[in-house]
Each structure stands twice: as C-alpha cells, then as structure tokens.
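Undergrad: Contents are mmCIF, C-alpha atoms; file name input-v7.cif:
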data_query
loop_
_atom_site.label_atom_id
_atom_site.label_comp_id
_atom_site.auth_asym_id
_atom_site.auth_seq_id
_atom_site.Cartn_x
_atom_site.Cartn_y
_atom_site.Cartn_z
CA MET A 57 -48.11 37.33 -6.18
CA GLY A 58 -47.93 34.62 -8.88
CA PRO A 59 -44.12 34.48 -9.11
CA ALA A 60 -43.82 34.53 -5.32
CA ALA A 61 -46.19 31.56 -4.98
CA LEU A 62 -44.35 29.73 -7.77
CA ALA A 63 -41.01 30.35 -6.02
CA VAL A 64 -42.35 28.96 -2.72
CA VAL A 65 -43.71 25.85 -4.49
CA LEU A 66 -40.39 25.33 -6.32
CA LEU A 67 -38.46 25.71 -3.06
CA ALA A 68 -40.73 23.15 -1.37
CA LEU A 69 -40.14 20.73 -4.30
CA LEU A 70 -36.41 21.38 -4.08
CA VAL A 71 -36.34 20.47 -0.38
CA LEU A 72 -38.52 17.39 -1.02
CA PHE A 73 -36.29 16.06 -3.80
CA LEU A 74 -33.13 16.80 -1.81
CA HIS A 75 -34.62 14.74 1.01
CA GLN A 76 -35.38 11.91 -1.45
CA GLN A 77 -31.81 12.05 -2.77
CA LYS A 78 -30.47 11.74 0.77
CA ALA A 79 -32.73 8.72 1.32
CA GLN A 80 -31.42 7.20 -1.93
CA ASN A 81 -27.85 7.74 -0.79
CA ARG A 82 -28.60 6.05 2.54
CA ARG A 83 -30.25 3.10 0.77
CA ILE A 84 -27.30 2.66 -1.59
CA VAL A 85 -24.84 2.73 1.33
CA ALA A 86 -26.98 0.27 3.33
CA GLN A 87 -27.20 -2.28 0.50
CA ARG A 88 -23.50 -2.13 -0.40
CA ASP A 89 -22.72 -5.42 1.35
CA LEU A 90 -25.95 -7.26 0.61
CA PRO A 91 -25.74 -10.49 -1.37
CA ARG A 92 -26.92 -10.29 -4.95
CA GLU A 93 -30.10 -12.36 -4.33
CA GLN A 94 -31.39 -9.60 -2.08
CA LEU A 95 -30.84 -6.93 -4.72
CA VAL A 96 -33.29 -8.42 -7.21
CA PRO A 97 -37.08 -8.90 -6.87
CA ARG A 98 -37.78 -11.82 -4.52
CA HIS A 99 -40.93 -11.29 -2.46
CA TYR A 100 -43.23 -12.53 -5.24
CA LYS A 101 -41.81 -16.03 -4.76
CA SER A 102 -43.70 -16.35 -1.48
CA PHE A 103 -47.07 -16.34 -3.27
CA THR A 104 -47.53 -20.12 -2.91
CA THR A 105 -46.73 -19.91 0.81
CA ILE A 106 -49.28 -17.11 1.25
CA GLU A 107 -51.87 -19.06 -0.67
CA THR A 108 -51.27 -22.19 1.43
CA GLU A 109 -51.42 -20.19 4.64
CA LEU A 110 -54.73 -18.60 3.67
CA TRP A 111 -56.09 -21.95 2.52
CA GLN A 112 -55.29 -23.55 5.87
CA ALA A 113 -56.63 -20.60 7.84
CA THR A 114 -59.94 -20.35 5.97
CA ASN A 115 -60.58 -23.88 4.72
CA ASP A 116 -63.45 -24.50 7.13
CA LEU A 117 -65.06 -21.11 6.53
CA HIS A 118 -65.29 -21.24 2.77
CA GLN A 119 -66.00 -24.91 2.11
CA GLY A 120 -67.65 -25.53 -1.23
CA ARG A 121 -66.88 -22.07 -2.69
CA ALA A 122 -64.62 -21.44 -5.69
CA TRP A 123 -61.17 -20.56 -4.35
CA ASP A 124 -60.58 -17.73 -6.84
CA GLY A 125 -63.83 -16.01 -5.93
CA ILE A 126 -63.24 -15.80 -2.17
CA ARG A 127 -62.30 -12.35 -0.93
CA PHE A 128 -59.67 -12.12 1.80
CA GLY A 129 -58.52 -9.41 4.13
CA LEU A 130 -61.63 -8.65 6.12
CA ARG A 131 -60.26 -10.38 9.22
CA HIS A 132 -57.24 -8.95 11.04
CA HIS A 133 -54.95 -11.97 10.55
CA GLU A 134 -55.65 -12.20 6.79
CA PHE A 135 -55.29 -8.45 6.39
CA GLU A 136 -51.82 -8.46 7.93
CA ILE A 137 -50.58 -11.32 5.76
CA LEU A 138 -51.92 -9.75 2.56
CA ASP A 139 -50.86 -6.21 3.41
CA ASN A 140 -47.27 -7.41 4.01
CA TYR A 141 -47.35 -9.39 0.78
CA LEU A 142 -48.58 -6.38 -1.21
CA ARG A 143 -45.84 -4.25 0.34
CA GLY A 144 -43.29 -6.88 -0.68
CA LEU A 145 -44.63 -6.87 -4.24
CA ARG A 146 -44.30 -3.08 -4.38
CA GLU A 147 -40.69 -3.35 -3.15
CA ASP A 148 -40.04 -5.99 -5.83
CA PHE A 149 -41.46 -3.72 -8.50
CA GLN A 150 -39.46 -0.72 -7.33
CA GLN A 151 -36.28 -2.80 -7.28
CA GLY A 152 -36.84 -4.12 -10.81
CA HIS A 153 -37.85 -0.69 -12.01
CA ARG A 154 -34.68 0.88 -10.57
CA ILE A 155 -32.54 -1.81 -12.24
CA PHE A 156 -34.16 -0.97 -15.59
CA GLY A 157 -33.46 2.71 -14.87
CA GLN A 158 -29.80 2.02 -14.10
CA VAL A 159 -29.43 0.08 -17.34
CA LEU A 160 -31.20 2.54 -19.63
CA ILE A 161 -29.22 5.59 -18.49
CA HIS A 162 -26.23 4.00 -20.22
CA SER A 163 -27.96 4.56 -23.53
CA PRO A 164 -25.58 6.27 -25.97
CA GLU A 165 -28.33 7.87 -28.07
CA ILE A 166 -31.33 9.94 -27.19
CA GLU A 167 -33.89 8.13 -29.43
CA LEU A 168 -33.15 4.74 -27.88
CA PHE A 169 -33.25 6.28 -24.43
CA ALA A 170 -36.64 7.89 -25.13
CA GLN A 171 -38.09 4.58 -26.36
CA LEU A 172 -36.79 2.73 -23.31
CA GLU A 173 -38.12 5.40 -20.97
CA ALA A 174 -41.54 5.29 -22.67
CA GLU A 175 -41.74 1.51 -22.11
CA ARG A 176 -40.60 1.98 -18.54
CA CYS A 177 -43.40 4.50 -17.95
CA ARG A 178 -45.98 2.11 -19.46
CA ILE A 179 -44.87 -0.73 -17.18
CA GLU A 180 -44.90 1.63 -14.19
CA ALA A 181 -48.42 2.91 -14.95
CA SER A 182 -49.75 -0.60 -15.49
CA PHE A 183 -48.29 -1.95 -12.24
CA TYR A 184 -49.49 0.94 -10.11
CA LEU A 185 -52.99 0.64 -11.56
CA TRP A 186 -53.26 -3.03 -10.52
CA TYR A 187 -51.53 -2.36 -7.24
CA ALA A 188 -53.92 0.48 -6.37
CA LEU A 189 -56.91 -1.74 -7.19
CA ALA A 190 -55.64 -4.57 -4.97
CA TRP A 191 -54.74 -2.14 -2.17
CA PHE A 192 -58.21 -0.54 -2.34
CA HIS A 193 -60.05 -3.88 -2.40
CA LEU A 194 -58.02 -5.15 0.54
CA ARG A 195 -59.24 -2.19 2.58
CA THR A 196 -62.89 -2.34 1.45
CA ASP A 197 -64.52 -5.61 0.39
CA GLY A 198 -61.41 -7.80 0.39
CA VAL A 199 -58.98 -8.89 -2.31
CA SER A 200 -59.45 -12.08 -4.31
CA MET A 201 -56.83 -14.75 -4.95
CA LYS A 202 -57.25 -14.06 -8.67
CA GLU A 203 -56.26 -10.39 -8.23
CA LEU A 204 -53.23 -11.34 -6.16
CA ARG A 205 -52.20 -13.89 -8.77
CA HIS A 206 -52.39 -11.25 -11.52
CA LEU A 207 -50.22 -8.86 -9.55
CA THR A 208 -47.76 -11.64 -8.76
CA GLU A 209 -47.62 -12.59 -12.45
CA ILE A 210 -46.73 -8.98 -13.34
CA ILE A 211 -43.85 -8.98 -10.87
CA ALA A 212 -42.71 -12.47 -11.91
CA THR A 213 -42.62 -11.34 -15.55
CA LEU A 214 -40.69 -8.21 -14.63
CA ALA A 215 -38.25 -10.19 -12.47
CA HIS A 216 -37.69 -12.67 -15.30
CA ARG A 217 -36.90 -9.86 -17.75
CA VAL A 218 -34.56 -8.21 -15.25
CA ARG A 219 -32.69 -11.50 -14.84
CA THR A 220 -32.54 -11.94 -18.63
CA ILE A 221 -30.96 -8.54 -19.20
CA LEU A 222 -28.51 -8.98 -16.30
CA THR A 223 -27.50 -12.35 -17.72
CA ALA A 224 -27.02 -10.74 -21.15
CA LEU A 225 -24.78 -8.08 -19.59
CA GLU A 226 -22.77 -10.74 -17.77
CA GLY A 227 -22.51 -12.71 -21.00
CA SER A 228 -20.96 -9.70 -22.69
CA GLU A 229 -18.25 -9.73 -20.03
CA ASN A 230 -19.53 -6.67 -18.19
CA LEU A 231 -19.43 -8.10 -14.68
CA ASP A 232 -18.39 -4.74 -13.19
CA LEU A 233 -21.35 -3.06 -14.81
CA VAL A 234 -23.81 -5.65 -13.46
CA ASP A 235 -22.33 -5.22 -10.00
CA SER A 236 -22.52 -1.42 -10.27
CA ILE A 237 -26.14 -1.57 -11.52
CA LEU A 238 -27.26 -3.80 -8.66
CA LYS A 239 -25.43 -1.87 -5.95
CA ASN A 240 -26.64 1.52 -7.20
CA SER A 241 -30.24 0.60 -7.89
CA MET B 860 -27.62 59.46 2.60
CA HIS B 861 -25.15 56.92 3.94
CA LEU B 862 -25.42 53.42 5.36
CA SER B 863 -26.73 53.06 8.94
CA LEU B 864 -24.73 51.30 11.65
CA PHE B 865 -26.95 48.22 11.36
CA GLU B 866 -26.41 48.04 7.60
CA ASN B 867 -22.67 48.49 8.05
CA LEU B 868 -22.61 45.64 10.60
CA LEU B 869 -24.68 43.45 8.30
CA TRP B 870 -22.38 44.13 5.38
CA ALA B 871 -19.33 43.46 7.55
CA PHE B 872 -20.80 40.12 8.71
CA GLY B 873 -21.73 39.13 5.14
CA THR B 874 -18.31 40.13 3.88
CA ALA B 875 -16.62 38.09 6.61
CA LEU B 876 -18.74 35.05 5.63
CA LYS B 877 -17.91 35.52 1.92
CA ALA B 878 -14.18 35.88 2.66
CA LEU B 879 -14.32 32.80 4.92
CA LEU B 880 -16.11 30.80 2.22
CA CYS B 881 -13.52 31.89 -0.33
CA ILE B 882 -10.67 30.78 1.96
CA VAL B 883 -12.35 27.44 2.73
CA VAL B 884 -13.01 26.79 -1.00
CA ILE B 885 -9.28 27.28 -1.66
CA TYR B 886 -8.21 25.31 1.45
CA ARG B 887 -10.45 22.34 0.56
CA HIS B 888 -9.44 22.47 -3.13
CA LEU B 889 -13.08 22.74 -4.16
CA TYR B 890 -11.95 24.67 -7.26
CA ARG B 891 -10.66 21.40 -8.70
CA ARG B 892 -14.09 19.82 -8.51
CA LEU B 893 -16.33 22.85 -9.11
CA PRO B 894 -14.25 25.59 -10.81
CA LEU B 895 -17.21 27.77 -11.86
CA PHE B 896 -18.71 27.72 -8.37
CA SER B 897 -15.29 28.69 -6.99
CA ILE B 898 -15.09 31.61 -9.44
CA TYR B 899 -18.57 32.64 -8.33
CA VAL B 900 -17.42 32.65 -4.69
CA ALA B 901 -14.37 34.75 -5.60
CA LEU B 902 -16.62 37.19 -7.49
CA LEU B 903 -18.77 37.56 -4.38
CA VAL B 904 -15.79 38.92 -2.47
CA ALA B 905 -14.81 41.17 -5.38
CA GLU B 906 -18.39 42.46 -5.65
CA VAL B 907 -18.45 43.44 -1.97
CA ALA B 908 -15.11 45.21 -2.21
CA VAL B 909 -16.15 47.25 -5.26
CA VAL B 910 -19.72 48.08 -4.20
CA TRP B 911 -18.82 48.97 -0.64
CA SER B 912 -16.04 51.29 -1.78
CA VAL B 913 -18.45 53.06 -4.15
CA TYR B 914 -21.10 53.38 -1.42
CA ARG B 915 -18.55 54.86 0.98
CA VAL B 916 -17.26 57.41 -1.53
CA TRP B 917 -20.33 58.39 -3.56
CA GLY B 918 -23.10 57.57 -1.06
CA PHE B 919 -25.71 54.83 -0.98
CA THR B 920 -28.34 56.62 -3.11
CA SER B 921 -26.08 58.18 -5.74
CA ARG B 922 -26.67 57.33 -9.40
CA PHE B 923 -23.14 55.94 -9.75
CA ALA B 924 -23.65 53.65 -6.74
CA TRP B 925 -26.98 52.50 -8.21
CA TYR B 926 -25.40 51.56 -11.55
CA THR B 927 -22.38 49.95 -9.91
CA GLY B 928 -24.61 47.91 -7.60
CA TRP B 929 -26.82 46.57 -10.38
CA CYS B 930 -23.91 45.88 -12.76
CA ALA B 931 -22.09 43.94 -10.05
CA ALA B 932 -25.31 42.08 -9.21
CA GLY B 933 -25.70 41.23 -12.92
CA VAL B 934 -22.18 39.78 -13.14
CA VAL B 935 -22.71 37.74 -9.97
CA LEU B 936 -26.11 36.54 -11.24
CA LEU B 937 -24.47 35.35 -14.46
CA ALA B 938 -21.76 33.58 -12.46
CA ARG B 939 -24.46 31.93 -10.32
CA GLY B 940 -26.21 30.73 -13.49
CA LEU B 941 -22.94 29.22 -14.71
CA ALA B 942 -22.39 27.56 -11.32
CA VAL B 943 -25.85 25.97 -11.64
CA ALA B 944 -25.00 24.75 -15.17
CA GLU B 945 -21.79 23.30 -13.77
CA LEU B 946 -23.74 21.37 -11.12
CA CYS B 947 -25.91 19.85 -13.87
CA TRP B 948 -22.92 18.96 -15.99
CA THR B 949 -20.86 17.38 -13.19
CA SER B 950 -23.71 15.13 -12.10
CA LEU B 951 -24.94 14.03 -15.55
CA ARG B 952 -21.87 14.15 -17.82
CA ASN B 953 -21.34 10.37 -17.64
CA TYR B 954 -24.69 9.65 -19.27
CA PRO B 955 -24.60 10.97 -22.86
CA ALA B 956 -28.25 10.44 -23.80
CA ILE B 957 -29.66 11.74 -20.55
CA TRP B 958 -27.30 14.72 -20.50
CA SER B 959 -28.22 15.60 -24.07
CA LEU B 960 -31.93 15.40 -23.19
CA VAL B 961 -31.56 17.31 -19.94
CA ARG B 962 -29.37 19.95 -21.59
CA ARG B 963 -32.07 20.62 -24.20
CA LEU B 964 -34.75 20.65 -21.55
CA LEU B 965 -32.77 23.00 -19.32
CA VAL B 966 -31.97 25.37 -22.18
CA PHE B 967 -35.62 25.34 -23.24
CA VAL B 968 -36.85 26.07 -19.70
CA ALA B 969 -34.27 28.81 -19.22
CA VAL B 970 -35.08 30.44 -22.59
CA VAL B 971 -38.85 30.31 -21.96
CA VAL B 972 -38.59 31.75 -18.47
CA LEU B 973 -36.10 34.45 -19.43
CA SER B 974 -38.12 35.42 -22.52
CA PHE B 975 -41.21 35.71 -20.35
CA ALA B 976 -39.32 37.91 -17.91
CA ALA B 977 -38.00 40.10 -20.73
CA THR B 978 -41.47 40.46 -22.29
CA THR B 979 -43.04 41.33 -18.95
CA ALA B 980 -40.35 43.90 -18.32
CA TYR B 981 -40.78 45.36 -21.82
CA GLN B 982 -44.53 45.79 -21.34
CA ASN B 983 -44.00 47.48 -17.99
CA LYS B 984 -43.67 51.22 -18.55
CA SER B 985 -42.15 51.92 -15.15
CA PRO B 986 -38.54 53.11 -14.76
CA VAL B 987 -35.37 51.09 -15.26
CA ALA B 988 -35.56 49.65 -11.73
CA ALA B 989 -38.74 47.78 -12.67
CA PHE B 990 -37.02 46.30 -15.71
CA VAL B 991 -34.00 45.19 -13.67
CA LEU B 992 -36.22 43.74 -10.96
CA THR B 993 -38.36 41.76 -13.41
CA ALA B 994 -35.32 40.42 -15.24
CA ASP B 995 -33.73 39.53 -11.91
CA ARG B 996 -36.88 37.72 -10.78
CA GLY B 997 -37.05 35.83 -14.10
CA SER B 998 -33.46 34.68 -13.74
CA GLU B 999 -34.04 33.59 -10.16
CA ILE B 1000 -37.12 31.59 -11.16
CA SER B 1001 -35.25 29.96 -14.05
CA ILE B 1002 -32.45 28.96 -11.67
CA LEU B 1003 -35.05 27.42 -9.33
CA VAL B 1004 -36.71 25.54 -12.22
CA VAL B 1005 -33.35 24.21 -13.42
CA LEU B 1006 -32.34 23.06 -9.93
CA VAL B 1007 -35.65 21.26 -9.40
CA ALA B 1008 -35.31 19.60 -12.84
CA LEU B 1009 -31.79 18.45 -11.93
CA LEU B 1010 -33.05 16.89 -8.70
CA VAL B 1011 -36.01 15.23 -10.44
CA VAL B 1012 -33.63 13.58 -12.91
CA GLY B 1013 -31.36 12.54 -10.02
CA VAL B 1014 -34.25 10.91 -8.17
CA ARG B 1015 -35.74 9.26 -11.28
CA TYR B 1016 -32.45 7.69 -12.44
CA ASN B 1017 -30.70 7.23 -9.10
CA VAL B 1018 -27.97 9.75 -9.81
CA PRO B 1019 -27.69 11.37 -6.38
CA LEU B 1020 -25.67 14.54 -5.77
CA GLY B 1021 -22.77 14.57 -3.34
CA ARG B 1022 -22.91 16.20 0.12
CA VAL B 1023 -21.28 19.47 -1.00
CA GLU B 1024 -23.32 19.70 -4.21
CA ARG B 1025 -26.56 19.17 -2.25
CA SER B 1026 -25.74 22.04 0.08
CA ILE B 1027 -24.87 24.30 -2.87
CA VAL B 1028 -28.22 23.47 -4.48
CA LEU B 1029 -30.06 24.18 -1.22
CA GLY B 1030 -28.22 27.48 -0.64
CA ILE B 1031 -28.82 28.76 -4.17
CA GLY B 1032 -32.43 27.56 -4.05
CA ILE B 1033 -33.21 29.31 -0.76
CA TYR B 1034 -31.63 32.57 -1.90
CA SER B 1035 -33.32 32.51 -5.33
CA ALA B 1036 -36.75 31.77 -3.80
CA PHE B 1037 -36.28 34.53 -1.25
CA GLN B 1038 -35.25 36.96 -3.98
CA VAL B 1039 -38.39 36.25 -6.02
CA VAL B 1040 -40.66 36.65 -2.97
CA ASN B 1041 -38.81 39.79 -1.94
CA ASP B 1042 -38.97 41.31 -5.43
CA SER B 1043 -42.69 40.53 -5.69
CA PHE B 1044 -43.56 42.28 -2.45
CA MET B 1045 -41.06 45.09 -2.64
CA GLY B 1046 -41.32 45.96 -6.33
CA GLN B 1047 -43.82 48.79 -5.93
CA TRP B 1048 -42.48 50.26 -2.69
CA MET B 1049 -38.80 49.66 -3.35
CA THR B 1050 -37.75 53.30 -3.20
CA ARG B 1051 -39.49 53.92 0.13
CA TYR B 1052 -38.10 50.83 1.84
CA LEU B 1053 -34.80 50.56 -0.05
CA HIS B 1054 -32.74 50.12 3.12
CA TRP B 1055 -34.98 47.39 4.53
CA TRP B 1056 -35.17 45.63 1.15
CA ASN B 1057 -31.40 45.63 0.82
CA SER B 1058 -30.90 44.35 4.37
CA THR B 1059 -33.25 41.39 3.93
CA ARG B 1060 -31.44 40.55 0.70
CA VAL B 1061 -28.13 40.48 2.57
CA ILE B 1062 -29.58 38.36 5.40
CA ALA B 1063 -31.02 35.81 2.93
CA PHE B 1064 -27.66 35.55 1.25
CA ASP B 1065 -25.89 35.12 4.60
CA VAL B 1066 -28.14 32.11 5.26
CA ALA B 1067 -27.07 30.63 1.90
CA LEU B 1068 -23.40 31.27 2.73
CA ILE B 1069 -23.75 29.45 6.05
CA ILE B 1070 -25.42 26.50 4.28
CA TRP B 1071 -22.45 26.32 1.86
CA LEU B 1072 -19.90 26.62 4.66
CA VAL B 1073 -21.29 23.76 6.80
CA PRO B 1074 -20.26 20.77 4.60
CA LEU B 1075 -16.90 22.42 3.85
CA GLY B 1076 -16.10 22.27 7.56
CA LYS B 1077 -15.02 18.66 6.95
CA ALA B 1078 -12.60 17.38 4.31
CA LEU B 1079 -14.27 16.85 0.93
CA PRO B 1080 -15.54 13.29 0.48
CA PRO B 1081 -13.70 11.50 -2.34
CA PRO B 1082 -15.53 11.95 -5.65
CA SER B 1083 -17.94 9.08 -6.24
CA ASN B 1084 -16.55 6.45 -8.58
CA ALA B 1085 -17.43 7.04 -12.19
CA PRO B 1086 -20.06 4.50 -13.17
CA ALA B 1087 -18.87 1.43 -15.04
CA LEU B 1088 -19.29 2.20 -18.72
CA LEU B 1089 -20.18 0.12 -21.74
CA SER B 1090 -18.67 0.50 -25.16
CA GLU B 1091 -21.08 2.28 -27.50
CA ARG B 1092 -21.50 -0.77 -29.74
CA VAL B 1093 -22.23 -3.15 -26.86
CA ALA B 1094 -24.53 -0.61 -25.20
CA ARG B 1095 -26.54 -0.15 -28.38
CA TYR B 1096 -26.89 -3.92 -28.88
CA LEU B 1097 -27.79 -4.69 -25.26
CA LEU B 1098 -30.19 -1.79 -24.89
CA ARG B 1099 -32.05 -2.83 -28.05
CA GLN B 1100 -32.40 -6.24 -26.44
CA LEU B 1101 -33.65 -4.56 -23.28
CA LEU B 1102 -36.17 -2.57 -25.31
CA ASP B 1103 -37.50 -5.81 -26.82
CA ARG B 1104 -37.72 -7.38 -23.35
CA MET B 1105 -39.57 -4.35 -22.00
CA ARG B 1106 -42.01 -4.44 -24.92
CA GLU B 1107 -42.63 -8.10 -24.12
CA VAL B 1108 -43.34 -7.15 -20.50
CA THR B 1109 -45.81 -4.49 -21.68
CA ASP B 1110 -47.53 -7.01 -23.99
CA GLU B 1111 -47.74 -9.56 -21.19
CA LEU B 1112 -49.19 -6.94 -18.87
CA LYS B 1113 -51.86 -6.23 -21.50
CA LYS B 1114 -52.63 -9.95 -21.74
CA ILE B 1115 -52.91 -10.20 -17.95
CA GLY B 1116 -55.27 -7.22 -18.00
CA LYS B 1117 -57.44 -8.78 -20.71
CA ALA B 1118 -57.50 -12.15 -18.92
CA ARG B 1119 -58.81 -10.41 -15.81
CA LYS B 1120 -61.71 -8.94 -17.74
#
Translate this file's structure into structure tokens.
TA:
Amino acid sequence: MGPAALAVVLLALLVLFLHQQKAQNRRIVAQRDLPREQLVPRHYKSFTTIETELWQATNDLHQGRAWDGIRFGLRHHEFEILDNYLRGLREDFQQGHRIFGQVLIHSPEIELFAQLEAERCRIEASFYLWYALAWFHLRTDGVSMKELRHLTEIIATLAHRVRTILTALEGSENLDLVDSILKNS
Amino acid sequence: MHLSLFENLLWAFGTALKALLCIVVIYRHLYRRLPLFSIYVALLVAEVAVVWSVYRVWGFTSRFAWYTGWCAAGVVLLARGLAVAELCWTSLRNYPAIWSLVRRLLVFVAVVVLSFAATTAYQNKSPVAAFVLTADRGSEISILVVLVALLVVGVRYNVPLGRVERSIVLGIGIYSAFQVVNDSFMGQWMTRYLHWWNSTRVIAFDVALIIWLVPLGKALPPPSNAPALLSERVARYLLRQLLDRMREVTDELKKIGKARK
C-alpha cells in the first residue's frame, strides 16, 4: 500500500506543479508589453500615502497616543487599506525574489549558485516570517505602524538591491539580459 | 488460452493510437526537438507488433510469450527513462550550474529508488514475476520522482516547460502512477486476474497516448528563445557582486529584526 500511496501523492504534486507552470507561462505572456517600472517592486512606495490616509481617518480617535503604538485594522475601512497594502508588499517581494532567481540561474559554477540560493532562502524565510506576523495581527488585535514600517523597510532594501544589480548588469553592456530577466521573472 | 474479443479490440485500439502518435510525431517533426521521445514512440509500435505476433502464434500464457512480453516491456521502460532524462536536459541545459546540480540530484534519486526496488525484490522469495513487478514499480516511482523534481525546479527558477513537454510529462506521470497502484494491488493475485490486470494496463496507457496526441493536433509552437547568456567571466564577477548585495540584505533584515525587539 505504501508505494501506491506514494505514487498518488507524487501524481497530485505533478498536477499541482504543472498547473503552477501554466500560471507562470500566462503571467510571463501577460507582462510581455508592460513598461519596466511595473516589472520591479513598487507597491512599497505607497507607505507614506497609507500612513497619511490612516492618520487623517483616525486622528480624532487616537489623540494623545503614540502613533507607533496604535493598532490598526479593527475597523472595516482600515482593514481594507492595510490588507491591500500587505498584498502589494507580498507582490513586491515575489517580484524581487523572482528577479534574483532569474539572475542566479546564470551562475556558471555550482558553489556560487549554492551560496546565492542559500542567501535567497534566508531572505525568503525572513520576509515570510514578518509578513505572517503582520497578516496575523491584522486579523486579530490589529497591526501597528511600527510593524508595517519594518515590513516596508525589508521590501525597500530588497528593491534597492534589485535595482543595484540590474544597473550593474546594464553597466556591463548586457541590456538584452536585463530585458530578458525582467520579462521572464 | 488465447486473447478474448474485448482484449483484441483493446489491443487494436491501443495499436491504432500508437501508430497515429508515431505518424503525428514524424509529421510534426517532433523528432528534431525530442529525438529520444520519438524513438520511444517508435519502439511502442515495434513492441506491439512483436508481442502481438508472439501471442497469436504461441498463445497468451505460454512461457515464450511471457518472456517476450517482459523483455519488450523492459526495453520500452528503458526508452521511457531516457525520454524523461531528455525532458530534463532540454529544459535545463542552458543553465550549467543548475543542470549540474539537478543532474546529480536526479541520478542520486534514481539510484536510491532503484536500489531500494532491487533490494526489496531480492528479499522477496516469490517467483520471477514478483522480482519483475517490484523492479518495474521501482522504476515507475523513480520516473515520477524525477518528473516532480523537474517541475519543482521549473517553478522555483521560472523555467517553464513548453506545451508539448507539459503534456508528455503529464502522460508519463499518469501512466507511471497507475502502474505503481496497479502493481501494488495486483501483485499477489496477478496470475488469477492476469487478463484484467493486462487490460487496465492497456487502458491506462491509452489515456497517456491521448494526452500526448492532443497538443500535437496543432503545429508545434516555435521553440522558446534561448535565454540571453553572459560570458563566464562577467557572470562570475556580477554574481559575486549579487552575493555580496544579498548578504547585505540578510544583514539588514537581521538589524530590522533586532530593532523591533
């Protein structure tokens, strides 16, 4: 019975990953004509706007309290704004993460590739830990401005590094490669 | 004992599908893109011709038919394994480090699974059929593991398979999974239900053949452009820079984490 169960599980995984590959193909086709600005992380830039919006919406309610300590998301309007922002941050991360992936598969040697992949996994684990915390707080006792700022800083750092490496590639006269990385990520 | 009418019809239908697939593979020039898969398809037709002739002349349950059947199945199984290796190579050959890593991983997985199957078969004191069945099941599981590993790599590094390759993976995967399940349930009662067991095998394979035929109904999509490549020297320099940048990101993430505490 063991091998039969294993075969069924493997078949289910096979179908799942084939489905994911089809979705990847569709995404790559859909973003073929998008301008470059939309192919790099960008949602994190709206943090100031979100902060201002929340400030204006809740100024009267939280007068006299430290801004960083206030927890948001318990009211419907706040929840929607923050939930959309968190989703945008996750998209930003995934975009940056895919760009890193597209760059590191060009590695000519296995040791360098393994080191790059290890760093990529560390960044991935760290982001998803903070993201899960913020997501959970938003749905329970509310998320604080401080938490959101931390998450935004992570994405901003990642986005900066992505831009740096793309600039370095462009500087080495590999414009085709940069284009291919962005379109296929 | 000879084949029943139902089994004859099933074989005829399967043979027609195999012959059709062989013709379509030639018509669509798939042999240029996937030569080993094309050889596998040609061997399928040859296998049917040989095995069916032997069954007709010597009978379905004769010793000669039994040996011919399993030998032919062994050759086709080997060809299927090579077709799977070809799928891995065609999708990852442009990425030297990743292909080298995946190749080692795939060989390791295949060796472990096949060794396990061989050991299990060796410990089993039942007749030769049990040995062949266990080895067959081990090969089918290793093919499934390799295909899943190929797809995982494709998803992780955005190296998607083409339309035809995806359908080949699905067809082989479905057939291999069915074979393992079938072998597991039918192992002990194989002799009693030999006809039924053989028929379900044929039906499962017909499903795979139909899955392979569907995308070949249209002209083959042009092969995806080879990714833009970097010279080895530039790649090494730039990727070392990237590694430094990524380490900086990790350090900054640690600082952010500490600041939060």
Undergrad: Which distance in Å separates CA of Asp148 in chain A and CA of Trp186 in chain A, to one decimal?
TA: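 Going from CA of Asp148 in chain A over to CA of Trp186 in chain A, I get 14.3 Å.
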Undergrad: Run the PyMOL selection byres ((chain A) within 6 of (chain B)) against the file shown and list the residues it catches, as number ranges by chain.
TA: A: 60, 63, 70, 73, 77, 157, 162-166, 172, 179, 233
Undergrad: Might you spell out which residues the PyMOL selection byres ((chain A and resi 127-142) around 10) would select in the displayed file, as a ChimeraX atom specification?
TA: /A:99-100,102-103,106-107,109-110,113-114,123-126,143-148,187,190-191,193-204,207-208
Undergrad: Quick one, how far is CA of Cys947 in chain B from CA of Val159 in chain A?
TA: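 CA of Val159 in chain A lies at a distance of 20.4 Å from CA of Cys947 in chain B.
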Undergrad: Tyr890 in chain B: which residues within 12 Å, counting only C-alpha atoms, same-chain residues fewer than 5 positions away excluded, as a PyMOL selection string?
TA: chain B and resi 881-885+895-901+942+945+1079
Undergrad: Residues as selected, C-alpha atoms, written as a JSON list (two decimals), keeping the file's coordinate frame, can you do that?
TA:
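See part.json below for the written result:
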[["chain", "number", "residue", "atom", "x", "y", "z"],
["B", 881, "CYS", "CA", -13.52, 31.89, -0.33],
["B", 882, "ILE", "CA", -10.67, 30.78, 1.96],
["B", 883, "VAL", "CA", -12.35, 27.44, 2.73],
["B", 884, "VAL", "CA", -13.01, 26.79, -1.00],
["B", 885, "ILE", "CA", -9.28, 27.28, -1.66],
["B", 895, "LEU", "CA", -17.21, 27.77, -11.86],
["B", 896, "PHE", "CA", -18.71, 27.72, -8.37],
["B", 897, "SER", "CA", -15.29, 28.69, -6.99],
["B", 898, "ILE", "CA", -15.09, 31.61, -9.44],
["B", 899, "TYR", "CA", -18.57, 32.64, -8.33],
["B", 900, "VAL", "CA", -17.42, 32.65, -4.69],
["B", 901, "ALA", "CA", -14.37, 34.75, -5.60],
["B", 942, "ALA", "CA", -22.39, 27.56, -11.32],
["B", 945, "GLU", "CA", -21.79, 23.30, -13.77],
["B", 1079, "LEU", "CA", -14.27, 16.85, 0.93]]
Undergrad: Could you state which residues are captured by the PyMOL selection byres ((chain A and resi 214-225) around 8) in this file, as a list in words?
TA: Val96, Pro97, Phe149, Gly152, Ile155, Phe156, Ile210, Ile211, Ala212, Thr213, Glu226, Gly227, Ser228, Glu229, Asn230, Leu231, Leu233 and Val234 of chain A; Leu1097, Gln1100, Leu1101, Arg1104, Met1105 and Val1108 of chain B
